[in-house]
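Comments concern the structure below.
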Amino acid sequence: FFFAHVPVASPLPAHPTRPQAAHSGACEMANKCQTHAKLPGVVEGNDPGFYGDDVPHILTYDPAKTLGFATPFIASDLTVCANILAWGSHLGLVAYALLLMVLLAYTAFPDGDIGAGPACANGQNSQMCQLNDTLLAAKTEFRFLIAFILAGFVGVTVNIWYMRRKNYAALCGSCRNLLIQLATFVPFDADNLQLMATRQKLARWVSLAYELAILKARGHMDSDQGYGHLVEVGLLEPAEWECLVNGDRHSTVIFWIQREVMRMGEKGLI
């Protein structure tokens with residue numbers, strides 16, 4: 001319940017602008033996974049990723065080992081209560097509810113006195129009692145309606161989450177299978193530098209197609225930020241960017257892979 005806090009994306013880091021950017025080589029930032037120091041059962045990672053957030057992200061957690069309602073007080077950085085403003089907003093709403101309750105108690109009962117027996121006895125407080133009956137009837141109607149609204153909302157939300165998970169898993173599996181096939185079919189000869197460079201290029205292109213598909217979902221497939229990210233992590237040569245089709249760059253990379261495999265087949269290497 002409390003693990004709803006996702007670190008807010010900071011402004012995108014300054015990336016090299018196309019096409020003058022130089023290839024910076026493989027990314028030197030290694031993934032770091034570790035258990036949260038204060039909260040058992042939570043594994044976090046510090047890889048900044050595309051948005052460059054230098055903050056921990058929850059990778060997975062074991063609900064049986066977490067501290068439940070004590071989490072906001074022990075490890076607030078992983079919850080919706082990550083800063084003082086969140087605490088202030090929640091406490092402010094509670095204070096407002098209490099203040100409203102007290103004010104209404106002393107001002108909204110013009111027909112009688114509070115505490116002098118049942119509020120609606122002997123015709124006292126007729127205005128508030130009639131309003132209360134009206135609200136009770138409305139609550140019954142809304143309870144019936146809200147059940148359908150919540151059921152529909154939850155159903156759509158779960159379905160969207162399932163589709164995203166399914167599509168992401170399919171993308172990861174397809175890229176993995178393609179890498180395995182290329183590594184199997186393309187010969188390995190350490191003495192043939194050109195062949196080894198081709199193997200490395202094909203593997204880079206598979207990872208490039210994967211990253212481009214993710215960037216398309218994020219709306220950055222054609223942006224300078226997306227270009228800079230791909231160059232920074234070592235998946236894109238600056239000269240390749242202008243050869244990719246806008247809006248469908250990952251399909252272009254898949255075409256490159258298939259065309260390179262065909263050329264190797266024509267040369268008798270496969």
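Identifiers in this document derive from the order of the structure tokens: chains are assigned A, B, ..., residues are numbered from 1 separately in each chain, and ligands are numbered from 1 in order of occurrence.
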
* Among segment 55-86 of chain A, which residues carry a DSSP assignment of alpha helix (DSSP H), reported as a ChimeraX atom specification? -> /A:71-74,84-86

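By chain and then residue number, the residues within 10 Å of Cys175 of chain A are Ala169, Ala170, Leu171, Cys172, Gly173, Asn177, Leu178, Leu179, Ile180, Gln181, Ala203, Val206, Ser207, Ala209 and Tyr210 of chain A, counting only C-alpha atoms and disregarding those fewer than 2 positions away in sequence.
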
Written file, previous selection with all heavy atoms, as a CSV table (one decimal), in the first residue's frame:
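The resulting file, out_5.csv, is reproduced below:
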```csv
chain,number,residue,atom,x,y,z
A,169,ALA,N,7.3,-8.1,-21.3
A,169,ALA,CA,7.9,-9.5,-21.2
A,169,ALA,C,8.1,-10.0,-22.6
A,169,ALA,O,9.1,-10.7,-22.9
A,169,ALA,CB,7.0,-10.4,-20.4
A,170,ALA,N,7.1,-9.8,-23.5
A,170,ALA,CA,7.3,-10.3,-24.9
A,170,ALA,C,8.5,-9.6,-25.6
A,170,ALA,O,9.2,-10.3,-26.3
A,170,ALA,CB,6.0,-10.1,-25.7
A,171,LEU,N,8.6,-8.3,-25.3
A,171,LEU,CA,9.7,-7.6,-25.9
A,171,LEU,C,11.1,-8.1,-25.4
A,171,LEU,O,12.0,-8.4,-26.2
A,171,LEU,CB,9.6,-6.1,-25.6
A,171,LEU,CG,10.8,-5.2,-26.1
A,171,LEU,CD1,10.9,-5.2,-27.6
A,171,LEU,CD2,10.6,-3.8,-25.6
A,172,CYS,N,11.2,-8.3,-24.1
A,172,CYS,CA,12.4,-8.8,-23.5
A,172,CYS,C,12.7,-10.2,-24.0
A,172,CYS,O,13.8,-10.6,-24.4
A,172,CYS,CB,12.3,-8.9,-22.0
A,172,CYS,SG,12.2,-7.2,-21.2
A,173,GLY,N,11.7,-11.1,-24.1
A,173,GLY,CA,11.9,-12.5,-24.6
A,173,GLY,C,12.3,-12.5,-26.0
A,173,GLY,O,13.1,-13.3,-26.4
A,177,ASN,N,15.8,-14.0,-27.4
A,177,ASN,CA,15.8,-15.1,-28.4
A,177,ASN,C,16.6,-14.7,-29.7
A,177,ASN,O,17.4,-15.5,-30.2
A,177,ASN,CB,14.4,-15.5,-28.8
A,177,ASN,CG,13.6,-16.1,-27.7
A,177,ASN,OD1,14.1,-16.6,-26.7
A,177,ASN,ND2,12.3,-16.0,-27.8
A,178,LEU,N,16.5,-13.5,-30.1
A,178,LEU,CA,17.2,-13.0,-31.3
A,178,LEU,C,18.7,-13.0,-31.0
A,178,LEU,O,19.5,-13.4,-31.8
A,178,LEU,CB,16.7,-11.6,-31.7
A,178,LEU,CG,17.4,-11.0,-32.9
A,178,LEU,CD1,17.3,-11.9,-34.1
A,178,LEU,CD2,16.8,-9.6,-33.2
A,179,LEU,N,19.1,-12.5,-29.8
A,179,LEU,CA,20.5,-12.5,-29.4
A,179,LEU,C,21.0,-14.0,-29.4
A,179,LEU,O,22.2,-14.2,-29.8
A,179,LEU,CB,20.7,-11.9,-28.0
A,179,LEU,CG,20.7,-10.4,-28.0
A,179,LEU,CD1,20.7,-9.9,-26.5
A,179,LEU,CD2,21.9,-9.8,-28.7
A,180,ILE,N,20.3,-14.9,-28.8
A,180,ILE,CA,20.7,-16.3,-28.8
A,180,ILE,C,20.9,-16.9,-30.2
A,180,ILE,O,21.9,-17.6,-30.5
A,180,ILE,CB,19.8,-17.1,-27.9
A,180,ILE,CG1,19.8,-16.7,-26.5
A,180,ILE,CG2,20.1,-18.6,-28.0
A,180,ILE,CD1,18.8,-17.4,-25.6
A,181,GLN,N,20.0,-16.6,-31.0
A,181,GLN,CA,20.0,-17.1,-32.4
A,181,GLN,C,21.2,-16.5,-33.2
A,181,GLN,O,22.0,-17.3,-33.8
A,181,GLN,CB,18.8,-16.8,-33.2
A,181,GLN,CG,17.5,-17.6,-32.7
A,181,GLN,CD,16.3,-17.2,-33.4
A,181,GLN,OE1,16.3,-16.3,-34.2
A,181,GLN,NE2,15.2,-17.9,-33.1
A,203,ALA,N,24.9,-7.7,-32.0
A,203,ALA,CA,24.4,-7.7,-30.6
A,203,ALA,C,24.1,-6.3,-30.2
A,203,ALA,O,23.1,-6.1,-29.5
A,203,ALA,CB,25.5,-8.3,-29.7
A,206,VAL,N,20.7,-5.3,-31.7
A,206,VAL,CA,19.5,-5.9,-31.0
A,206,VAL,C,19.2,-5.1,-29.7
A,206,VAL,O,18.0,-4.8,-29.5
A,206,VAL,CB,19.8,-7.4,-30.6
A,206,VAL,CG1,18.7,-7.9,-29.7
A,206,VAL,CG2,20.0,-8.2,-31.8
A,207,SER,N,20.2,-4.7,-29.0
A,207,SER,CA,20.0,-3.9,-27.8
A,207,SER,C,19.5,-2.5,-28.2
A,207,SER,O,18.7,-1.9,-27.5
A,207,SER,CB,21.3,-3.8,-27.0
A,207,SER,OG,21.7,-5.0,-26.5
A,209,ALA,N,17.6,-1.8,-30.8
A,209,ALA,CA,16.2,-2.0,-31.2
A,209,ALA,C,15.3,-2.0,-29.9
A,209,ALA,O,14.2,-1.4,-29.8
A,209,ALA,CB,16.0,-3.2,-32.0
A,210,TYR,N,15.8,-2.7,-28.9
A,210,TYR,CA,15.1,-2.8,-27.6
A,210,TYR,C,14.9,-1.5,-27.0
A,210,TYR,O,13.8,-1.1,-26.6
A,210,TYR,CB,15.8,-3.8,-26.7
A,210,TYR,CG,15.3,-3.8,-25.3
A,210,TYR,CD1,14.2,-4.5,-24.9
A,210,TYR,CD2,16.0,-3.0,-24.3
A,210,TYR,CE1,13.8,-4.5,-23.6
A,210,TYR,CE2,15.5,-3.0,-23.0
A,210,TYR,CZ,14.4,-3.8,-22.7
A,210,TYR,OH,14.0,-3.7,-21.4
```

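Among the candidates A:Ala239, A:Gly155, A:Leu212, A:Gln200, the residue lying nearest to Gly226 of chain A is A:Leu212 (atoms considered: only C-alpha atoms).
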
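Comparing A:Leu202, A:Ala105, A:Ala95, A:Cys129 by their smallest distance to Ala183 of chain A, the closest is A:Leu202 (using only C-alpha atoms).
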
* Asked: With only C-alpha atoms as the basis for distance, which of A:Leu59, A:Ala75, A:Leu85, A:Leu269 is at the shortest distance from Leu195 of chain A?
  -> A:Leu269

* d(atom CA of Leu208 of chain A, atom CA of Val43 of chain A) in Å -> 27.5 Å

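Around segment 265-267 of chain A, within 12 Å and counting only C-alpha atoms, the residues found are Phe185, Val186, Pro187, Leu195, Gln258, Arg259, Glu260 and Val261 of chain A, once anything fewer than 4 positions away on its own chain is removed.
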
Could you dump the residues just selected with C-alpha atoms as a PDB file, in the first residue's frame?
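Final file, again-v2.pdb:
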```
ATOM      1  CA  PHE A 185      24.375 -18.968 -36.102  1.00  0.00           C
ATOM      2  CA  VAL A 186      27.112 -16.369 -36.591  1.00  0.00           C
ATOM      3  CA  PRO A 187      30.475 -18.151 -36.373  1.00  0.00           C
ATOM      4  CA  LEU A 195      33.761 -11.382 -38.101  1.00  0.00           C
ATOM      5  CA  GLN A 258      18.251  -9.116 -41.189  1.00  0.00           C
ATOM      6  CA  ARG A 259      20.127  -7.514 -44.077  1.00  0.00           C
ATOM      7  CA  GLU A 260      23.493  -8.126 -42.393  1.00  0.00           C
ATOM      8  CA  VAL A 261      22.586 -11.771 -41.792  1.00  0.00           C
TER       9      VAL A 261
END
```

* Out of segment 15-247 of chain A, which residues get strand (DSSP E) from DSSP, as a ChimeraX atom specification? -> /A:33-35,42-45,57-61

Pull N, CA and C atoms from the residues just selected and write them as a PDB file, in the first residue's frame.
```pdb
ATOM      1  N   CYS A  33      22.514  -3.140  -6.975  1.00  0.00           N
ATOM      2  CA  CYS A  33      21.326  -3.621  -6.293  1.00  0.00           C
ATOM      3  C   CYS A  33      21.694  -3.943  -4.857  1.00  0.00           C
ATOM      4  N   GLN A  34      20.915  -3.455  -3.927  1.00  0.00           N
ATOM      5  CA  GLN A  34      21.198  -3.707  -2.530  1.00  0.00           C
ATOM      6  C   GLN A  34      19.908  -3.641  -1.728  1.00  0.00           C
ATOM      7  N   THR A  35      19.933  -4.296  -0.575  1.00  0.00           N
ATOM      8  CA  THR A  35      18.789  -4.260   0.316  1.00  0.00           C
ATOM      9  C   THR A  35      18.741  -2.929   1.042  1.00  0.00           C
ATOM     10  N   VAL A  42      13.126  -5.231   1.132  1.00  0.00           N
ATOM     11  CA  VAL A  42      13.057  -4.322  -0.006  1.00  0.00           C
ATOM     12  C   VAL A  42      14.418  -4.280  -0.688  1.00  0.00           C
ATOM     13  N   VAL A  43      14.427  -4.516  -1.989  1.00  0.00           N
ATOM     14  CA  VAL A  43      15.655  -4.459  -2.781  1.00  0.00           C
ATOM     15  C   VAL A  43      15.563  -3.240  -3.686  1.00  0.00           C
ATOM     16  N   GLU A  44      16.565  -2.394  -3.652  1.00  0.00           N
ATOM     17  CA  GLU A  44      16.569  -1.164  -4.434  1.00  0.00           C
ATOM     18  C   GLU A  44      17.769  -1.128  -5.358  1.00  0.00           C
ATOM     19  N   GLY A  45      17.636  -0.369  -6.426  1.00  0.00           N
ATOM     20  CA  GLY A  45      18.708  -0.187  -7.394  1.00  0.00           C
ATOM     21  C   GLY A  45      19.026   1.277  -7.557  1.00  0.00           C
ATOM     22  N   HIS A  57      15.623   3.313  -6.530  1.00  0.00           N
ATOM     23  CA  HIS A  57      14.346   2.873  -7.061  1.00  0.00           C
ATOM     24  C   HIS A  57      14.058   1.475  -6.516  1.00  0.00           C
ATOM     25  N   ILE A  58      12.812   1.218  -6.173  1.00  0.00           N
ATOM     26  CA  ILE A  58      12.433  -0.100  -5.684  1.00  0.00           C
ATOM     27  C   ILE A  58      12.408  -1.081  -6.856  1.00  0.00           C
ATOM     28  N   LEU A  59      13.189  -2.146  -6.755  1.00  0.00           N
ATOM     29  CA  LEU A  59      13.206  -3.187  -7.774  1.00  0.00           C
ATOM     30  C   LEU A  59      12.218  -4.300  -7.435  1.00  0.00           C
ATOM     31  N   THR A  60      12.187  -4.705  -6.176  1.00  0.00           N
ATOM     32  CA  THR A  60      11.253  -5.729  -5.728  1.00  0.00           C
ATOM     33  C   THR A  60      11.177  -5.684  -4.211  1.00  0.00           C
ATOM     34  N   TYR A  61      10.161  -6.302  -3.665  1.00  0.00           N
ATOM     35  CA  TYR A  61      10.043  -6.360  -2.215  1.00  0.00           C
ATOM     36  C   TYR A  61       9.218  -7.580  -1.823  1.00  0.00           C
TER      37      TYR A  61
END
```
